[in-house]
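Listing of query00.cif; format and content: mmCIF, C-alpha atoms.
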```cif
data_protein
#
loop_
_atom_site.label_atom_id
_atom_site.label_comp_id
_atom_site.auth_asym_id
_atom_site.auth_seq_id
_atom_site.Cartn_x
_atom_site.Cartn_y
_atom_site.Cartn_z
CA MET C 1 50.61 -8.63 -227.42
CA GLU C 2 52.24 -8.42 -230.84
CA ALA C 3 48.75 -8.33 -232.35
CA GLY C 4 48.02 -5.08 -230.52
CA HIS C 5 46.86 -6.24 -227.09
CA PRO C 6 49.51 -5.01 -224.59
CA GLN C 7 47.23 -5.89 -221.68
CA ALA C 8 47.55 -9.58 -222.61
CA LEU C 9 51.09 -9.60 -221.23
CA GLY C 10 49.85 -8.10 -217.96
CA PHE C 11 47.17 -10.77 -217.60
CA HIS C 12 49.70 -13.50 -218.39
CA ALA C 13 52.20 -12.15 -215.86
CA ARG C 14 49.59 -11.96 -213.09
CA LEU C 15 48.65 -15.58 -213.85
CA LEU C 16 52.30 -16.62 -213.46
CA ALA C 17 52.64 -14.65 -210.20
CA ARG C 18 49.53 -16.28 -208.73
CA HIS C 19 51.16 -19.65 -209.25
CA GLY C 20 54.52 -18.96 -207.66
CA ARG C 21 56.38 -17.74 -210.73
CA GLY C 22 56.71 -14.10 -209.67
CA ASP C 23 60.31 -13.65 -210.85
CA GLU C 24 59.46 -14.92 -214.31
CA ALA C 25 56.44 -12.60 -214.45
CA PHE C 26 58.51 -9.60 -213.34
CA ASP C 27 61.18 -10.25 -215.97
CA LEU C 28 58.53 -10.49 -218.69
CA LEU C 29 57.05 -7.13 -217.75
CA ARG C 30 60.19 -5.16 -217.03
CA PRO C 31 61.12 -4.22 -220.64
CA HIS C 32 57.64 -2.77 -221.23
CA VAL C 33 57.25 -0.60 -218.14
CA GLN C 34 56.61 2.51 -220.28
CA ASP C 35 53.09 1.17 -220.96
CA TRP C 36 50.69 2.13 -218.15
CA SER C 37 48.90 -1.24 -218.01
CA ILE C 38 52.20 -3.09 -217.88
CA ALA C 39 53.50 -0.76 -215.15
CA ALA C 40 50.39 -1.45 -213.08
CA ALA C 41 50.87 -5.20 -213.51
CA LEU C 42 54.56 -4.89 -212.62
CA THR C 43 53.62 -3.08 -209.40
CA ASP C 44 51.33 -5.96 -208.43
CA VAL C 45 53.76 -8.71 -209.44
CA ALA C 46 56.67 -7.10 -207.59
CA ASP C 47 54.95 -7.81 -204.27
CA SER C 48 54.80 -11.58 -204.70
CA ALA C 49 58.24 -11.64 -206.32
CA GLY C 50 59.86 -9.71 -203.45
CA ARG C 51 61.21 -7.12 -205.88
CA ASP C 52 59.57 -3.94 -204.63
CA ASP C 53 62.86 -1.99 -204.57
CA GLU C 54 63.58 -2.89 -208.18
CA ALA C 55 60.06 -1.94 -209.27
CA ALA C 56 60.31 1.34 -207.37
CA ALA C 57 63.55 2.21 -209.17
CA LEU C 58 61.96 1.47 -212.55
CA LEU C 59 58.97 3.67 -211.76
CA ALA C 60 61.08 6.50 -210.33
CA ALA C 61 63.02 6.58 -213.61
CA GLN C 62 59.73 7.31 -215.40
CA ILE C 63 59.05 10.44 -213.30
CA PRO C 64 60.70 13.58 -214.75
CA ASP C 65 62.03 16.13 -212.29
CA GLU C 66 60.18 19.10 -213.75
CA HIS C 67 57.46 18.05 -216.20
CA ARG C 68 53.84 17.52 -215.19
CA CYS C 69 51.12 16.83 -217.74
CA ASP C 70 48.59 19.64 -218.17
CA ASP C 71 46.05 17.59 -220.16
CA PRO C 72 45.17 13.87 -220.52
CA TRP C 73 46.85 13.57 -223.92
CA CYS C 74 50.19 15.12 -222.95
CA CYS C 75 52.26 11.97 -222.39
CA ARG C 76 51.79 8.73 -224.27
CA GLY C 77 52.04 5.50 -222.30
CA LEU C 78 52.93 5.84 -218.62
CA ASP C 79 52.37 9.46 -217.62
CA PRO C 80 54.20 10.97 -214.60
CA ASP C 81 51.12 11.14 -212.35
CA MET C 82 50.38 7.45 -212.83
CA ALA C 83 54.02 6.54 -212.21
CA ILE C 84 53.88 8.54 -208.97
CA GLY C 85 50.70 6.75 -207.92
CA LEU C 86 52.19 3.31 -208.56
CA LEU C 87 55.39 4.24 -206.74
CA ALA C 88 53.31 5.46 -203.79
CA THR C 89 51.53 2.10 -203.73
CA ILE C 90 54.89 0.37 -203.34
CA ARG C 91 56.07 2.79 -200.65
CA GLU C 92 52.91 2.19 -198.64
CA ARG C 93 53.40 -1.56 -199.02
CA GLN C 94 56.94 -1.14 -197.67
CA GLY C 95 55.63 0.72 -194.64
CA ARG C 96 57.09 4.04 -195.82
CA ILE C 97 53.80 5.87 -195.32
CA ASP C 98 55.21 9.39 -195.07
CA ASP C 99 57.11 8.88 -198.32
CA ALA C 100 53.94 7.63 -200.04
CA ILE C 101 51.95 10.64 -198.84
CA ALA C 102 54.70 13.06 -199.87
CA LEU C 103 54.79 11.49 -203.33
CA LEU C 104 51.02 11.78 -203.82
CA ARG C 105 51.07 15.41 -202.77
CA THR C 106 53.32 16.15 -205.77
CA ARG C 107 50.67 14.96 -208.25
CA ASP C 108 48.52 17.41 -210.15
CA SER C 109 45.50 15.38 -209.09
CA ASN C 110 44.95 12.23 -207.06
CA SER C 111 41.46 11.76 -208.45
CA LEU C 112 41.00 9.04 -211.05
CA ASN C 113 37.89 7.08 -211.95
CA ASN C 114 35.92 8.80 -209.20
CA GLN C 115 38.42 7.76 -206.52
CA ASP C 116 41.17 9.63 -204.69
CA GLN C 117 44.32 7.65 -203.97
CA LEU C 118 45.61 9.97 -201.27
CA ALA C 119 42.29 9.97 -199.42
CA ASP C 120 42.12 6.16 -199.58
CA LEU C 121 45.66 5.90 -198.21
CA LEU C 122 44.90 8.25 -195.31
CA VAL C 123 41.84 6.16 -194.41
CA ARG C 124 43.78 2.89 -194.51
CA GLN C 125 46.48 4.34 -192.26
CA GLY C 126 44.03 5.88 -189.78
CA ARG C 127 45.28 9.42 -190.38
CA THR C 128 41.89 11.01 -189.91
CA GLU C 129 43.09 14.52 -189.04
CA GLU C 130 45.10 14.71 -192.25
CA LEU C 131 42.08 13.44 -194.16
CA HIS C 132 39.94 16.22 -192.64
CA ALA C 133 42.48 18.81 -193.77
CA TYR C 134 42.78 17.28 -197.24
CA ALA C 135 39.02 17.05 -197.72
CA ALA C 136 38.71 20.77 -197.03
CA THR C 137 40.96 21.61 -199.99
CA GLU C 138 40.45 18.78 -202.53
CA PRO C 139 38.35 20.38 -205.29
CA PHE C 140 36.43 17.41 -206.72
CA GLY C 141 34.78 16.28 -203.48
CA HIS C 142 36.23 12.75 -203.66
CA ALA C 143 38.20 13.17 -200.42
CA ALA C 144 35.09 14.57 -198.75
CA ARG C 145 33.16 11.49 -199.84
CA ARG C 146 35.83 9.20 -198.39
CA LEU C 147 35.78 11.12 -195.11
CA ALA C 148 31.98 11.05 -194.98
CA GLU C 149 32.01 7.29 -195.65
CA LEU C 150 34.45 6.82 -192.78
CA LEU C 151 32.30 8.87 -190.40
CA GLU C 152 29.16 7.01 -191.50
CA GLU C 153 30.88 3.67 -190.82
CA ARG C 154 31.64 4.92 -187.30
CA GLY C 155 28.00 5.88 -186.76
CA ASP C 156 28.57 9.64 -187.00
CA VAL C 157 25.88 10.36 -189.59
CA ALA C 158 25.55 14.00 -188.53
CA GLY C 159 29.28 14.47 -189.02
CA ALA C 160 29.11 12.89 -192.47
CA ILE C 161 26.24 15.20 -193.46
CA ALA C 162 28.23 18.21 -192.24
CA VAL C 163 31.24 17.14 -194.34
CA TYR C 164 29.13 17.01 -197.49
CA ARG C 165 27.46 20.36 -196.81
CA GLN C 166 30.83 22.03 -196.25
CA ALA C 167 32.37 20.38 -199.32
CA GLY C 168 29.46 21.37 -201.54
CA ASP C 169 30.14 25.05 -200.92
CA ALA C 170 33.78 24.76 -202.04
CA SER C 171 33.78 21.98 -204.64
CA ILE C 172 34.10 22.60 -208.36
CA CYS C 173 31.68 19.65 -208.74
CA PRO C 174 28.83 20.64 -206.39
CA GLY C 175 26.43 18.35 -208.24
CA ASN C 176 28.47 15.27 -207.35
CA VAL C 177 28.64 16.30 -203.71
CA ALA C 178 24.90 16.98 -203.59
CA VAL C 179 24.15 13.53 -205.02
CA ASP C 180 26.42 11.90 -202.43
CA LEU C 181 24.66 13.86 -199.68
CA ALA C 182 21.21 12.91 -200.96
CA GLN C 183 22.13 9.23 -201.10
CA LEU C 184 23.49 9.40 -197.54
CA LEU C 185 20.28 11.03 -196.29
CA SER C 186 18.19 8.45 -198.10
CA ARG C 187 20.16 5.54 -196.60
CA HIS C 188 19.30 6.82 -193.13
CA GLY C 189 15.61 7.39 -193.70
CA LEU C 190 15.86 11.13 -194.29
CA VAL C 191 14.28 10.82 -197.72
CA GLU C 192 12.39 14.11 -197.65
CA GLU C 193 15.62 15.95 -196.92
CA ALA C 194 17.29 14.02 -199.74
CA VAL C 195 14.54 15.10 -202.14
CA GLU C 196 14.95 18.71 -200.99
CA VAL C 197 18.68 18.56 -201.73
CA MET C 198 18.09 17.23 -205.23
CA ARG C 199 15.19 19.58 -205.96
CA ALA C 200 17.32 22.57 -204.99
CA LEU C 201 20.07 21.33 -207.29
CA ALA C 202 17.74 20.55 -210.20
CA ASP C 203 15.84 23.84 -209.88
CA ALA C 204 18.99 25.96 -209.87
CA PRO C 205 19.87 27.69 -213.16
CA GLY C 206 21.27 25.03 -215.48
CA GLY C 207 20.86 22.38 -212.81
CA ALA C 208 18.30 20.12 -214.48
CA GLU C 209 20.87 17.92 -216.20
CA ASP C 210 19.70 14.43 -217.06
CA TRP C 211 21.76 12.66 -214.40
CA ILE C 212 20.59 15.06 -211.71
CA VAL C 213 16.95 14.62 -212.73
CA HIS C 214 17.46 10.86 -212.79
CA VAL C 215 18.66 10.81 -209.17
CA LEU C 216 15.73 13.00 -208.12
CA CYS C 217 13.18 10.79 -209.87
CA THR C 218 14.79 7.66 -208.44
CA LEU C 219 14.33 9.11 -204.96
CA TYR C 220 10.67 9.75 -205.72
CA ALA C 221 10.28 6.18 -206.96
CA ASP C 222 12.05 4.74 -203.91
CA GLN C 223 9.57 6.64 -201.74
CA GLY C 224 6.65 5.14 -203.59
CA ARG C 225 5.91 8.49 -205.22
CA PRO C 226 6.43 7.86 -208.96
CA GLN C 227 3.60 10.31 -209.72
CA ASP C 228 5.66 13.13 -208.20
CA GLY C 229 8.56 12.20 -210.47
CA LEU C 230 6.30 12.28 -213.50
CA ALA C 231 4.85 15.62 -212.41
CA TYR C 232 8.37 17.07 -212.17
CA LEU C 233 9.22 15.80 -215.65
CA ASP C 234 5.98 17.22 -217.04
CA ALA C 235 6.72 20.64 -215.52
CA LEU C 236 10.28 20.56 -216.86
CA LYS C 237 9.01 19.65 -220.33
CA ALA C 238 6.46 22.49 -220.20
CA ARG C 239 9.20 25.00 -219.28
CA ARG C 240 11.51 23.90 -222.05
CA GLY C 241 8.86 23.23 -224.66
CA HIS C 242 10.39 19.86 -225.53
CA GLU C 243 11.80 16.71 -223.94
CA GLU C 244 14.94 15.19 -225.38
CA TRP C 245 15.58 11.45 -225.06
CA GLU C 246 18.02 11.94 -222.16
CA LEU C 247 15.08 13.08 -220.03
CA PHE C 248 12.32 11.12 -221.76
CA TRP C 249 13.69 7.70 -220.78
CA ILE C 250 13.63 8.68 -217.10
CA ARG C 251 9.84 8.73 -217.17
CA LEU C 252 9.54 5.15 -218.45
CA PRO C 253 10.23 3.28 -215.16
CA LEU C 254 8.06 5.85 -213.35
CA MET C 255 5.18 5.02 -215.66
CA ALA C 256 5.80 1.33 -215.09
CA ALA C 257 5.65 1.92 -211.34
CA CYS C 258 2.18 3.41 -211.92
CA ASP C 259 1.05 0.18 -213.66
CA ARG C 260 1.35 1.84 -217.07
CA VAL C 261 3.86 -0.56 -218.65
CA ASP C 262 2.04 -0.93 -221.97
CA GLU C 263 1.64 2.83 -222.26
CA ALA C 264 5.32 3.36 -221.49
CA VAL C 265 6.33 0.80 -224.13
CA GLU C 266 4.04 2.41 -226.69
CA GLU C 267 5.38 5.91 -226.02
CA ALA C 268 8.99 4.71 -226.13
CA MET C 269 8.55 2.96 -229.48
CA ALA C 270 6.75 6.01 -230.87
CA HIS C 271 9.59 8.33 -229.84
CA PRO C 272 11.78 9.68 -232.70
CA GLU C 273 14.58 7.49 -231.32
CA GLY C 274 12.24 4.55 -230.78
CA ASP C 275 13.78 2.31 -233.43
CA THR C 276 17.28 2.30 -231.95
CA SER C 277 19.22 -0.19 -229.87
CA HIS C 278 19.35 2.03 -226.79
CA THR C 279 15.58 2.55 -226.82
CA VAL C 280 14.73 -1.14 -227.13
CA SER C 281 17.10 -1.78 -224.23
CA HIS C 282 14.91 0.42 -222.01
CA VAL C 283 11.76 -1.21 -223.41
CA ALA C 284 13.12 -4.68 -222.67
CA ARG C 285 13.82 -3.70 -219.05
CA LEU C 286 10.23 -2.48 -218.69
CA LEU C 287 8.88 -5.76 -220.05
CA ALA C 288 11.24 -7.87 -217.96
CA GLY C 289 10.29 -5.91 -214.84
CA ALA C 290 6.68 -6.84 -215.55
CA GLY C 291 7.64 -10.51 -215.82
CA ARG C 292 7.32 -10.55 -219.61
CA LEU C 293 10.72 -12.05 -220.41
CA GLU C 294 9.72 -13.58 -223.73
CA GLU C 295 8.61 -10.17 -225.01
CA ALA C 296 11.78 -8.57 -223.65
CA ALA C 297 13.97 -11.09 -225.49
CA ALA C 298 11.98 -10.73 -228.70
CA THR C 299 12.31 -6.93 -228.54
CA LEU C 300 16.09 -7.12 -228.18
CA ALA C 301 16.45 -9.81 -230.84
CA ARG C 302 15.26 -7.34 -233.48
CA HIS C 303 18.35 -5.21 -232.79
CA SER C 304 20.89 -7.97 -232.25
CA PRO C 305 23.89 -7.95 -232.11
CA ALA C 306 23.89 -4.41 -230.63
CA ASN C 307 22.21 -5.66 -227.42
CA SER C 308 23.71 -9.13 -227.39
CA HIS C 309 24.78 -9.11 -223.73
CA GLU C 310 21.34 -8.09 -222.48
CA LEU C 311 19.62 -10.50 -224.84
CA ALA C 312 21.82 -13.35 -223.63
CA GLY C 313 20.92 -12.49 -220.03
CA TYR C 314 17.20 -12.75 -220.72
CA LEU C 315 17.68 -15.98 -222.66
CA ILE C 316 19.53 -17.46 -219.69
CA ASP C 317 16.68 -16.38 -217.38
CA LEU C 318 14.35 -18.22 -219.74
CA GLY C 319 16.49 -21.36 -219.53
CA ARG C 320 17.72 -21.07 -223.11
CA VAL C 321 21.42 -21.15 -222.30
CA GLU C 322 22.65 -22.68 -225.55
CA GLN C 323 20.87 -19.98 -227.52
CA ALA C 324 22.46 -17.34 -225.28
CA VAL C 325 25.92 -18.74 -226.04
CA VAL C 326 25.24 -18.57 -229.77
CA VAL C 327 24.13 -14.93 -229.45
CA LEU C 328 27.35 -14.00 -227.65
CA GLN C 329 29.57 -15.90 -230.07
CA GLN C 330 28.05 -14.05 -233.00
CA HIS C 331 29.23 -10.70 -231.66
CA ARG C 332 32.78 -10.49 -230.41
CA PRO C 333 34.37 -7.04 -230.33
CA LYS C 334 37.40 -6.81 -232.55
CA PRO C 335 40.34 -4.52 -231.79
CA PRO C 336 41.65 -2.10 -234.40
CA PRO C 337 44.66 -3.19 -236.44
CA PRO C 338 48.04 -2.96 -234.66
CA SER C 339 48.99 -0.03 -236.87
CA SER C 340 46.49 2.17 -235.03
CA GLY C 341 48.34 1.76 -231.75
CA PRO C 342 47.74 -0.13 -228.49
CA TRP C 343 44.13 -1.08 -227.76
CA HIS C 344 42.79 -0.42 -224.27
CA ASP C 345 39.22 -1.13 -223.20
CA LYS C 346 39.45 0.32 -219.69
CA PRO C 347 40.27 3.87 -218.55
CA PRO C 348 42.56 5.70 -218.63
CA PHE C 349 42.57 5.12 -222.40
#
```
As structure tokens, please, write out the structure in this file.
Amino acid sequence: MEAGHPQALGFHARLLARHGRGDEAFDLLRPHVQDWSIAAALTDVADSAGRDDEAAALLAAQIPDEHRCDDPWCCRGLDPDMAIGLLATIRERQGRIDDAIALLRTRDSNSLNNQDQLADLLVRQGRTEELHAYAATEPFGHAARRLAELLEERGDVAGAIAVYRQAGDASICPGNVAVDLAQLLSRHGLVEEAVEVMRALADAPGGAEDWIVHVLCTLYADQGRPQDGLAYLDALKARRGHEEWELFWIRLPLMAACDRVDEAVEEAMAHPEGDTSHTVSHVARLLAGAGRLEEAAATLARHSPANSHELAGYLIDLGRVEQAVVVLQQHRPKPPPPSSGPWHDKPPF
């Protein structure tokens, strides 16, 4: 931790708690609760240590009465919204469900990492009517997704579809909602309807973003229609007069599905970005998909250590485990010096 890895203390404390030393773990973490990763660990450790009330008091002290962050860089360390979320976790654990819900409703947003804490809580507690009401107002569509997942689990596919269609009209992220709807339709054999949803989104002004086009082309491929995906990409390229890499790579697995692996590899390597680590990663996947693992490994080896994890995976598949270990040991990410501040490798950074 002194070397600039604050998360190390969290990992150590969780290890202690798993082996019956919860009080010791809690006491180690307590002085550092202003760090978000430490606060999260403290919330977990408090359960096994039987010190939920103490943890709740520490977290409540980190929540100012008036201030709420208006951008991700406002507060360093443990920001108020995260403190509220952790405190709500403890209140739910204590059975104080109404208090937990009330706390979460004071946050600027309950959406983090594509999840919504309030929606998840309402599902766990069986408060479906409140979830319906929340999904109708939550702007990102995450609560709508959670509601639709719940309805799908209960066999109400039509209800889940209706939730997505209603949310798409009101969400500030209609693309995300449309993708969720398309994936739901596809799971239940309504693939043509899923394609229609994605085509409408991609054909709308400004809608042909790379991730949208990728979902559309994946649906075509899953239907056994890779030619239709290629035709769409060709038409899009003709309209724009060019095809940037973000769209070009999408055509590679479609070509492979048409038994054109060698052609796809040749076009990828001839692309202006062909001699880069991200391009050879796509090329290696094409070769591996065709059962040509030796060629895949050789392609990645030319750009090692940038693709060391993928290269090691192929080497393991080839039975060359010791060589894979050597590849991984040659490339270990190094944190910045402690003077540059705490080092986090998981969001929120």
Mind listing whatever residues come within 12 Å of the point (18.7, 11.5, -214.8)? Use only C-alpha atoms, file coordinates, and give them as an mmCIF file with C-alpha atoms, in the frame of the given file.
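After the write, point_15.cif holds the following:
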```cif
data_model
loop_
_atom_site.group_PDB
_atom_site.id
_atom_site.type_symbol
_atom_site.label_atom_id
_atom_site.label_comp_id
_atom_site.auth_asym_id
_atom_site.auth_seq_id
_atom_site.Cartn_x
_atom_site.Cartn_y
_atom_site.Cartn_z
ATOM 1 C CA VAL C 179 24.150 13.530 -205.020
ATOM 2 C CA MET C 198 18.090 17.230 -205.230
ATOM 3 C CA ALA C 202 17.740 20.550 -210.200
ATOM 4 C CA GLY C 207 20.860 22.380 -212.810
ATOM 5 C CA ALA C 208 18.300 20.120 -214.480
ATOM 6 C CA GLU C 209 20.870 17.920 -216.200
ATOM 7 C CA ASP C 210 19.700 14.430 -217.060
ATOM 8 C CA TRP C 211 21.760 12.660 -214.400
ATOM 9 C CA ILE C 212 20.590 15.060 -211.710
ATOM 10 C CA VAL C 213 16.950 14.620 -212.730
ATOM 11 C CA HIS C 214 17.460 10.860 -212.790
ATOM 12 C CA VAL C 215 18.660 10.810 -209.170
ATOM 13 C CA LEU C 216 15.730 13.000 -208.120
ATOM 14 C CA CYS C 217 13.180 10.790 -209.870
ATOM 15 C CA THR C 218 14.790 7.660 -208.440
ATOM 16 C CA LEU C 219 14.330 9.110 -204.960
ATOM 17 C CA GLY C 229 8.560 12.200 -210.470
ATOM 18 C CA LEU C 233 9.220 15.800 -215.650
ATOM 19 C CA GLU C 244 14.940 15.190 -225.380
ATOM 20 C CA TRP C 245 15.580 11.450 -225.060
ATOM 21 C CA GLU C 246 18.020 11.940 -222.160
ATOM 22 C CA LEU C 247 15.080 13.080 -220.030
ATOM 23 C CA PHE C 248 12.320 11.120 -221.760
ATOM 24 C CA TRP C 249 13.690 7.700 -220.780
ATOM 25 C CA ILE C 250 13.630 8.680 -217.100
ATOM 26 C CA ARG C 251 9.840 8.730 -217.170
ATOM 27 C CA LEU C 252 9.540 5.150 -218.450
ATOM 28 C CA PRO C 253 10.230 3.280 -215.160
#
```
Translate the PyMOL selection byres ((chain C and resi 49) around 12), as applied to the file shown, into an explicit residue set as a ChimeraX atom specification.
/C:13-14,16-27,42-48,50-55
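A search radius of 12 Å centred on (42.3, 9.3, -208.9), applied to only C-alpha atoms, returns the residues Asp81, Met82, Ile84, Gly85, Leu86, Leu104, Arg107, Asp108, Ser109, Asn110, Ser111, Leu112, Asn113, Asn114, Gln115, Asp116, Gln117, Leu118, Ala119, Asp120, Leu121, Glu138, Phe140, Gly141, His142, Ala143, Pro347 and Pro348 of chain C.
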So that I can check the surroundings of Leu147 in chain C, please list as a ChimeraX atom specification every protein, DNA and RNA residue that reaches within 9 Å of it, counting only C-alpha atoms and ignoring chain neighbours fewer than 5 positions away.
/C:119,123,128,131-132,135,142,152,160,163
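Comparing the minimum interatomic distances between Arg124 in chain C and each of C:Ala268, C:Ala297, C:Ile97, C:Leu328, counting all atoms listed in the file, we find that C:Ile97 sits nearest.
The spacing separating CA of Cys258 in chain C from CA of Gln227 in chain C amounts to 7.4 Å.
The space between CA of Asp222 in chain C and CA of Gln183 in chain C spans 11.4 Å.
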